[in-house]
Each structure stands twice: as C-alpha cells, then as structure tokens.
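Peer 1: Take a look at this one; I'll ask things after.
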Amino acid sequence: MQRLSRSVRPRFVSVLFLLVLAAAGGMSLSCRKEPADFGAGQRAQKKEAELQNKALLEQFVLSVEELENHADQAYPENALLRLNPWLESCAASRDFRPDAEYDERAEAFLRLSRTADEIQNLCDRAAPGGEGEGARLTEEDAKLLPEKLDLFIGEIDGLNAFYRSALLKRYGAMAADLKKAVSEAGAFQFGGRAKMAASAIGRFSFNPLMNFRVISDGAARLAELYRLDRRSFLAEDVSNFKSSIWERNLAVWAKGDSTDPLEEAKSLFRWTCDIVALSDEASAEPIPRQAWQTLLTSQGTPLERAAVFMGLLRQIGITSFLVRPADPARDDGFPVLVAAVIPADEGSEAFLFLPEYGIPVPGGEGPALADDPASPRGLTFPAIATLSQASRDDALWRRLDLDGRPFPLTAADLQSVRAVVPTDMFNMSHRMWIMMRESVIERTDAQGDAASFVPPLLAMSFESAKNEIASLPCVASVEQGWVFQTPEVEQAILPVESQILLMPYLYEVPASASLSMRADDESSKKYAPSEGAGSDPGETASTESKMISPLWEGKILFFKGRFDTESGAANRLQQGRVPDRLLKQATYGLEAQLGEYLEQVQKSQGESGKPLSEEELRAAAAQFVGQARQDLGMKLFLKVTARFYLGLVSYALRNDNAALSHFEDADLLDKLGGIWRSAALTLIAEIYESRGEFARARKIYGRLEGAAAPSGKIRAKWLDEAGATGAGEEPAPSEEPAPESGE
C-alpha cells in the first residue's frame, strides 16, 4: 500500500501542474482573442478619423494628379502636410530599408547648420549697435571667429565633394573672404583685435538673401529631409510627387506602341532629348533644376536631361545608372553616359545613351538610313552598344570623333566603371513607400484623372538596383547618386532662386470661360455664375473670365498627352501668345501711362495734404517704369515660350507643317537672346531629316551653336557617311531667312 501511494503521488502532482498551466494558458489565449472594447463612442470616433484621413488623402491625390488646376504651389503642399497624423498612424512598410549613408549626410548637414549659426551669432555681435560698433564682440570672440570659419569651410568642402554645388562653393568662398578680412584687421598695430575684427565684419558686404543664417536654416531643413525613417511630410516632398507623376504620364504615350523594352527605352530617350533642350547658360551658373522643373521649363544641363530620362525608365520598370570612371578623380571631362539595364534570355545587358549628344551609342554597323517607305526617313539605330561591347571595341567610340575634336572616351575607359544610381532623399524614404502602398484611390463619384488613381513609382530600393547592376560586366562598384541631389540641396538652402525660375510659369493671363478665345480678345469677357456673397443659386453677373497660367497648364496637359482638344495643351498655350500689336501698344503708350499714373498719384497725395516732392515723384516714376518693363518682358517670354511649346504639341501629333510654322517663327529664334534657338533648329532639322530633305537637314545641323553644336555636327557627319541624298533634292540655300512672326 505504501508503494502504491509513493508511485501515485508524483503522477497526481504532475497532472495537477499541467491542469494549472492549461488554465493559465487558456486565460492568456482568451485575452489575445478578445481585445478590450472601449465602447461604441470610441469606435465611432476611430471610424470618423479613418474617413477623415481617407478624404484628406483623396484631396492630395486629386491636387497632384490634376496640377494643371493648381498653379499655386501652396495648395498641394498644404494638402500633403495635413496628412502627417495619418502617415504616423500607418503600418510600417516592409519594403523600406534604413540607409547609413543618409544618416551620415543628415548629421553632416546638422553640423553645418550649427557651425553657420555660431558664425552668424558672432557676426551679429560685431554689427553696429546702440553701444557703439562691436561693443559686444570680445577678444575671445575675435579669436574664435576664424576657427569657426575654418571649420565651416572644411564642412562645406566635405559635402561638396559629393554634390559639386555652385551654391555651396559660393558659401565656402564667402567664408574664406570673411576670414581674410578678419585676419587682416587683426594685424593692425593700433586698436584691440576685437575692435579691428568688428570693423572688418562691418565692412564685409553680406547679401540679405545669402548669409550664414540662411545656410544654417537650409542645412537644418536638409538634415530633416535626409532622415529617411521620418514619419512626417515636409513641403519639399511635393517635388517627388510632381516628378514621378509627370514622368509616369509622359512615359505612357512617349514609349510608343512597341512592347520590346529596348525599343521603349529608345523612344523615351528621343522624347527626352526633344522635350529638354540643352541649356547654354553654363557660364552664368544656372539654377540647378529638379526633374519636374526640367520637364516644365524644357531646359537643362546634360545631367538634368539624364535625370529625366532615367525617371521615365523607372516608371516603366527599367533600371538605369550613370556610368562614371572607376577613379572619381577622372570625373571631370567624362561625358554624361546613361546605361539602361534590359533583361535578356542570356542575362541582362546595359545599353548606352548619350544625353549630351541626343543619341544612343550606335552598335553593330553603326547608324543607318530608314529604308521603309511607310515610316519616317532619316537616321536609325538598328543596334545600340552595350557597356560590355563598348569596353572592348574602340571603333564604336571613334564613330563619334569630329574633325579636330576626338570624342572624350575610349574602350579602355569603360573596362572598369562606377555605376551611379539616381537615388534621392525622397524616393529612398519610408514615407514614400507608405504613400505608394496606401494611395490607390478608386472613386466612382470623382471626375478627371484621379477617379481611378494608381500611384507612380514614388519609392525605390537601392539594394535591389545594386544587386541587379553589380552582376553586369565592367561594373566595379555601385553607389548612391548624390550628384543628382544637388538641385534639392541648393533649393532647400536658397528657395528664392527656384521661385524666380518658376515666375513665368505662374504668370496669369485672362482667358475665356471656354478657353477657346485668345487672351487678348475683348470677347473673352463672359457672363459666368456669380460667386459673390449673397448671390442666389444660378444668378449670373457680368464678370471677367477666369485667370489661367498658360505655360504651367499647357505643359502639364502636354505631359498627359492631351494635345489639341478643347481642354487640351494647345488651347491653354494659345492664351499665352500675346500678339505683337498689344506688346507694341503697351511699349509705345508707356510714356502716356506714366503721365497718367503720376497725375493720379499727385492728385491723391494732394487730397491727403501730403503732395509728393520732386525727388519722390522721380522715385515713383522709376518704380512704375521698372514694373511696366518687367511686365512687358514677362509677356514677351510667355509669347515666345508658348510658341515653342505649341511646336512641341504639333511635333508630338506628327503635324510637321504646323510644327515648322511654330519653330521657324522669327521671334522664337531671335527674341530673348534666342533662348529657344538651338532647340527649335534641332527639331526643324529632325523634321526635314524625317522627310528625306537631307541637304536642308545637314545645313541646319551645321548651324547649331553652344551646347547643341556637337550633336548637330555628329548627325550631319553620319548623314554624309550614309550617303543621304533625297530624290530630286535641290541644294539648300546658303542662308534661310526665318519667316516673320505670324502673330
């Protein structure tokens, strides 16, 4: 009996222990299954918040998808910032990966911000004040300032090794000049060092738009932008939406009808080079453009043209990279060369394009003449060289040599290269991965483009691109594209420059209610529903027609492929073509307008008992004349630029005669310093080439100047080598006078 009890007791204890564990487990499981119910009121509140967030998201999607209706940049920015509480509540994206290099860049800009702030505080102490010049600048401050300036210069140089920014370089030079002035002041034998330093700082000319406080604030904004895991939007994020949406819209129609990825890439490259003219403003240090600004203004450097092309490729799922020499010290003088990675059965290949020259690198037997009588004539590229081929066969590059100007690449230069991927602080961020996942909108009640909205590719994985590129032959390393981020860096520091860039595109003109009238036509004054306070529904009142920004609206509709409908790009752009007669009337009538203005001002001041003095009248007159001339200049810019964009619309529609009528306009070619001259001549030559009028095309290619000259000379050379002569073609005249303006 005792034995039995000894054997049963352990079993009983074990069973009892298991029953206790099971009961505890059941309790814990039941806790997991049934979350606490906080009541119907809180559930309703949560549901209301979800609906409000959905409405805010739809509002933002509509604002960026239909940006032709929102020339005011503040509207989409405000709509985006209102999404911050929603973004914070969203589930994390599994596709986002932190990046140590971006964290390092954030810390570098934060240090720069602090250093610049300390320098500005020291300079402020030296400013003239109530207690006398430099009264608050101590001897210790005077010694500290050169040290801080040295630190600032070192930080600028370290950052600019990545960005090659003219603006950062200017700040470094400004700091060096100030340091020199302070050092020279401290060398005087008489007077304290602090007093001399204060005097030097007081004499130093600070630009109110460009000082250490400005760069301190801008660098702090950049530090925020480089925090990829930040779960809140900044106003600067709108630029990524603009670029991605416009590139998506353009790629839909510009890639052509082919389903072959290489043919699609060729079509997108051609359209990029047609839409983005090479800027000849290198000597004037132009404002570097973000991709959306390059598309909007239709001008850019070879690198900016490359950025647009690579953005278009990304929207159709093609990875691309900038080819750079393995040794970064050789970057200067290396042409802008883009590689598009095209999958194939035998493995992916990187096909090469030259944005600066507007041509792919021809492979095989080289460029040839189209032999299909049903297709446009002119040069074609049956084969495009791959990176592997171009690293082995130097003959591919010698095709690009010109008399006295060998092409600056050899096959040996490409045997080991760096691949630079166009990443930035937007498409690498966590917030863009979340937006791309969450912003699919389907609204049966919505009108326009956002009724069914699938977002473009807003985010990218550098690791995925790196893995795809690293396996290619000749690629020694794959790195982040810091050089592509220079426009964002400069505009975060000095946003006023980007605002100046956009001024003509936000300039408003009156348009008819139906947009079928010219802006200058008096008949554009229509009866429209009154929106005044207290008006009854349906009540109408005589009112001026709506104001539009023709360059902005017309160009965005062009990206969408809406060309010549009633609400299309052509109709909008027509509004910007202010006729010569109105420009001349405004110019000739300026003196009479000035007299009338001064008379009204003097009368008004006299009635108030404060008549203007002669000096004040002269100042008022100068201000009026300056404003009037600025307004005339803006209207002339609108007229000339709208003409060029109308040519692009006709060219896209393959309406050659209408395109030539626009591009050959005398004002377009000659006014405003000929800012569209090379772009228009290039497209004119392409049209003649496609018609088989090769002699005329060669002649026009030869007339290209500035940044477009090498491209024109190479195409003319290839036409000669191909024996391009049109049937019955007469030699082109020695000089082709442009027709008078058709306004």
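As shown in the structure tokens, the chain order sets the letters A, B, ...; within each chain, residues go from 1, and ligands are also counted from 1 in the order they appear.
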When you look at A:Leu112 with a cut-off of 8 Å (counting only C-alpha atoms), what residues show up, excluding the ones that are within fewer than 6 positions of it in the same chain? I need them as a PDB file with C-alpha atoms, in the first residue's frame.
Peer 2:
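File written: result_11.pdb
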ATOM      1  CA  PHE A 152      32.694  75.889 -41.826  1.00  0.00           C
ATOM      2  CA  GLU A 155      32.421  71.118 -43.719  1.00  0.00           C
ATOM      3  CA  ILE A 156      31.402  72.807 -46.973  1.00  0.00           C
ATOM      4  CA  SER A 216      22.011  77.463 -41.216  1.00  0.00           C
ATOM      5  CA  ALA A 219      21.076  72.903 -43.745  1.00  0.00           C
TER       6      ALA A 219
END
Peer 1: Just asking: which residues within stretch 312-363 of chain A are strand (DSSP E or B) according to DSSP, as a compact mmCIF listing (two decimals) with N, CA and C atoms, in the first residue's frame?
Peer 2:
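After the write, selection29.txt holds the following:
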# COMPACT_ATOMS: atom_id res chain seq x y z
N SER A 320 18.29 51.88 -64.40
CA SER A 320 19.31 52.60 -65.16
C SER A 320 20.34 53.16 -64.20
N PHE A 321 21.48 53.55 -64.73
CA PHE A 321 22.52 54.15 -63.91
C PHE A 321 23.41 55.04 -64.76
N LEU A 322 24.10 55.92 -64.08
CA LEU A 322 25.06 56.82 -64.72
C LEU A 322 26.42 56.13 -64.70
N VAL A 323 27.06 56.07 -65.85
CA VAL A 323 28.36 55.42 -65.96
C VAL A 323 29.45 56.45 -65.66
N ARG A 324 30.26 56.17 -64.64
CA ARG A 324 31.35 57.07 -64.27
C ARG A 324 32.64 56.26 -64.20
N PRO A 325 33.81 56.93 -64.35
CA PRO A 325 35.08 56.19 -64.30
C PRO A 325 35.32 55.59 -62.91
N VAL A 338 24.50 57.29 -69.88
CA VAL A 338 23.46 56.56 -69.15
C VAL A 338 23.38 55.14 -69.68
N ALA A 339 23.28 54.19 -68.75
CA ALA A 339 23.11 52.79 -69.13
C ALA A 339 21.74 52.32 -68.70
N ALA A 340 20.98 51.75 -69.62
CA ALA A 340 19.66 51.17 -69.33
C ALA A 340 19.80 49.66 -69.28
N VAL A 341 19.41 49.05 -68.17
CA VAL A 341 19.57 47.61 -67.97
C VAL A 341 18.35 46.89 -68.55
N ILE A 342 18.57 46.15 -69.63
CA ILE A 342 17.48 45.45 -70.32
C ILE A 342 17.65 43.95 -70.13
N GLU A 349 21.73 43.13 -70.05
CA GLU A 349 22.77 43.93 -70.69
C GLU A 349 22.49 45.40 -70.42
N ALA A 350 23.55 46.20 -70.34
CA ALA A 350 23.43 47.64 -70.11
C ALA A 350 23.65 48.36 -71.43
N PHE A 351 22.58 48.95 -71.99
CA PHE A 351 22.65 49.66 -73.27
C PHE A 351 22.92 51.14 -73.01
N LEU A 352 23.76 51.75 -73.86
CA LEU A 352 24.33 53.06 -73.58
C LEU A 352 23.67 54.19 -74.38
N PHE A 353 23.44 55.32 -73.68
CA PHE A 353 22.84 56.51 -74.29
C PHE A 353 23.64 57.74 -73.87
N LEU A 354 23.72 58.72 -74.77
CA LEU A 354 24.48 59.95 -74.54
C LEU A 354 23.52 61.15 -74.53
N ILE A 359 21.86 61.17 -78.65
CA ILE A 359 21.94 59.95 -79.46
C ILE A 359 22.28 58.76 -78.57
N PRO A 360 21.78 57.58 -78.94
CA PRO A 360 22.31 56.37 -78.30
C PRO A 360 23.69 56.08 -78.88
N PRO A 362 25.77 54.05 -81.02
CA PRO A 362 25.43 53.04 -82.04
C PRO A 362 26.33 51.82 -81.96
Peer 1: Quick one: residues within 9 Å of A:Leu598, only C-alpha atoms counted, chain neighbours fewer than 3 positions away excluded, as an mmCIF file with N, CA and C atoms, in the first residue's frame?
Peer 2:
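Listed below is the output, result.cif:
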data_model
loop_
_atom_site.group_PDB
_atom_site.id
_atom_site.type_symbol
_atom_site.label_atom_id
_atom_site.label_comp_id
_atom_site.auth_asym_id
_atom_site.auth_seq_id
_atom_site.Cartn_x
_atom_site.Cartn_y
_atom_site.Cartn_z
ATOM 1 N N GLN A 593 0.996 106.413 -70.199
ATOM 2 C CA GLN A 593 0.554 105.733 -68.988
ATOM 3 C C GLN A 593 1.289 106.275 -67.764
ATOM 4 N N LEU A 594 2.582 106.572 -67.951
ATOM 5 C CA LEU A 594 3.364 107.112 -66.844
ATOM 6 C C LEU A 594 2.828 108.475 -66.413
ATOM 7 N N GLY A 595 2.534 109.345 -67.400
ATOM 8 C CA GLY A 595 1.996 110.659 -67.073
ATOM 9 C C GLY A 595 0.677 110.566 -66.340
ATOM 10 N N VAL A 601 -1.396 109.877 -58.824
ATOM 11 C CA VAL A 601 -0.698 109.790 -57.536
ATOM 12 C C VAL A 601 -0.623 111.162 -56.877
ATOM 13 N N GLN A 602 -0.236 112.181 -57.673
ATOM 14 C CA GLN A 602 -0.099 113.529 -57.119
ATOM 15 C C GLN A 602 -1.452 114.065 -56.638
ATOM 16 N N LYS A 603 -2.510 113.749 -57.401
ATOM 17 C CA LYS A 603 -3.842 114.200 -57.016
ATOM 18 C C LYS A 603 -4.260 113.557 -55.700
ATOM 19 N N LEU A 617 8.541 112.069 -56.647
ATOM 20 C CA LEU A 617 7.908 111.821 -57.947
ATOM 21 C C LEU A 617 8.829 111.038 -58.873
ATOM 22 N N ALA A 620 8.813 107.465 -57.782
ATOM 23 C CA ALA A 620 7.566 106.803 -58.168
ATOM 24 C C ALA A 620 7.559 106.482 -59.660
ATOM 25 N N ALA A 621 8.082 107.428 -60.462
ATOM 26 C CA ALA A 621 8.147 107.211 -61.907
ATOM 27 C C ALA A 621 9.077 106.051 -62.241
#
Peer 1: Contacts of A:Leu506 at 9 Å or less, counting only C-alpha atoms, minus same-chain residues fewer than 6 places along, as a ChimeraX atom specification?
Peer 2: /A:71-72,548-552
Peer 1: Keeping only N, CA and C atoms, take the residues you just selected and write them out as a compact mmCIF listing (two decimals), in the first residue's frame.
Peer 2:
# COMPACT_ATOMS: atom_id res chain seq x y z
N ALA A 71 -1.84 75.93 -60.10
CA ALA A 71 -0.57 76.61 -60.30
C ALA A 71 -0.02 77.16 -58.99
N ASP A 72 -0.91 77.45 -58.05
CA ASP A 72 -0.48 77.90 -56.73
C ASP A 72 0.18 76.72 -56.01
N ILE A 548 -5.77 82.20 -65.99
CA ILE A 548 -5.03 80.95 -66.12
C ILE A 548 -3.54 81.26 -66.22
N SER A 549 -2.73 80.25 -65.93
CA SER A 549 -1.29 80.32 -66.14
C SER A 549 -0.97 79.44 -67.34
N PRO A 550 -0.91 80.03 -68.54
CA PRO A 550 -0.90 79.22 -69.77
C PRO A 550 0.30 78.29 -69.89
N LEU A 551 1.49 78.74 -69.51
CA LEU A 551 2.66 77.87 -69.66
C LEU A 551 2.57 76.68 -68.70
N TRP A 552 2.13 76.94 -67.48
CA TRP A 552 2.01 75.87 -66.49
C TRP A 552 0.96 74.85 -66.92
Peer 1: DSSP says alpha helix (DSSP H) for which residues of stretch 104-173 of chain A? Put them as a VMD selection string?
Peer 2: chain A and resid 104 to 126 139 to 163 166 to 173
Peer 1: Hey, can you check how far atom CA of A:Gly358 sits from atom CA of A:Thr297?
Peer 2: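 Atom-to-atom, atom CA of A:Gly358 to atom CA of A:Thr297, that is 17.9 Å.
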Peer 1: In Å, with one decimal, what is the gap from atom CA of A:Ala570 to atom CA of A:Phe644?
Peer 2: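 Computing the Euclidean distance for atom CA of A:Ala570 and atom CA of A:Phe644 yields 11.2 Å.
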Peer 1: With distances taken over only C-alpha atoms, which residue among A:Arg105, A:Arg654, A:Lys584, A:His70 lies nearest A:Lys635?
Peer 2: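 Using only C-alpha atoms, the shortest distance to A:Lys635 belongs to A:Lys584.
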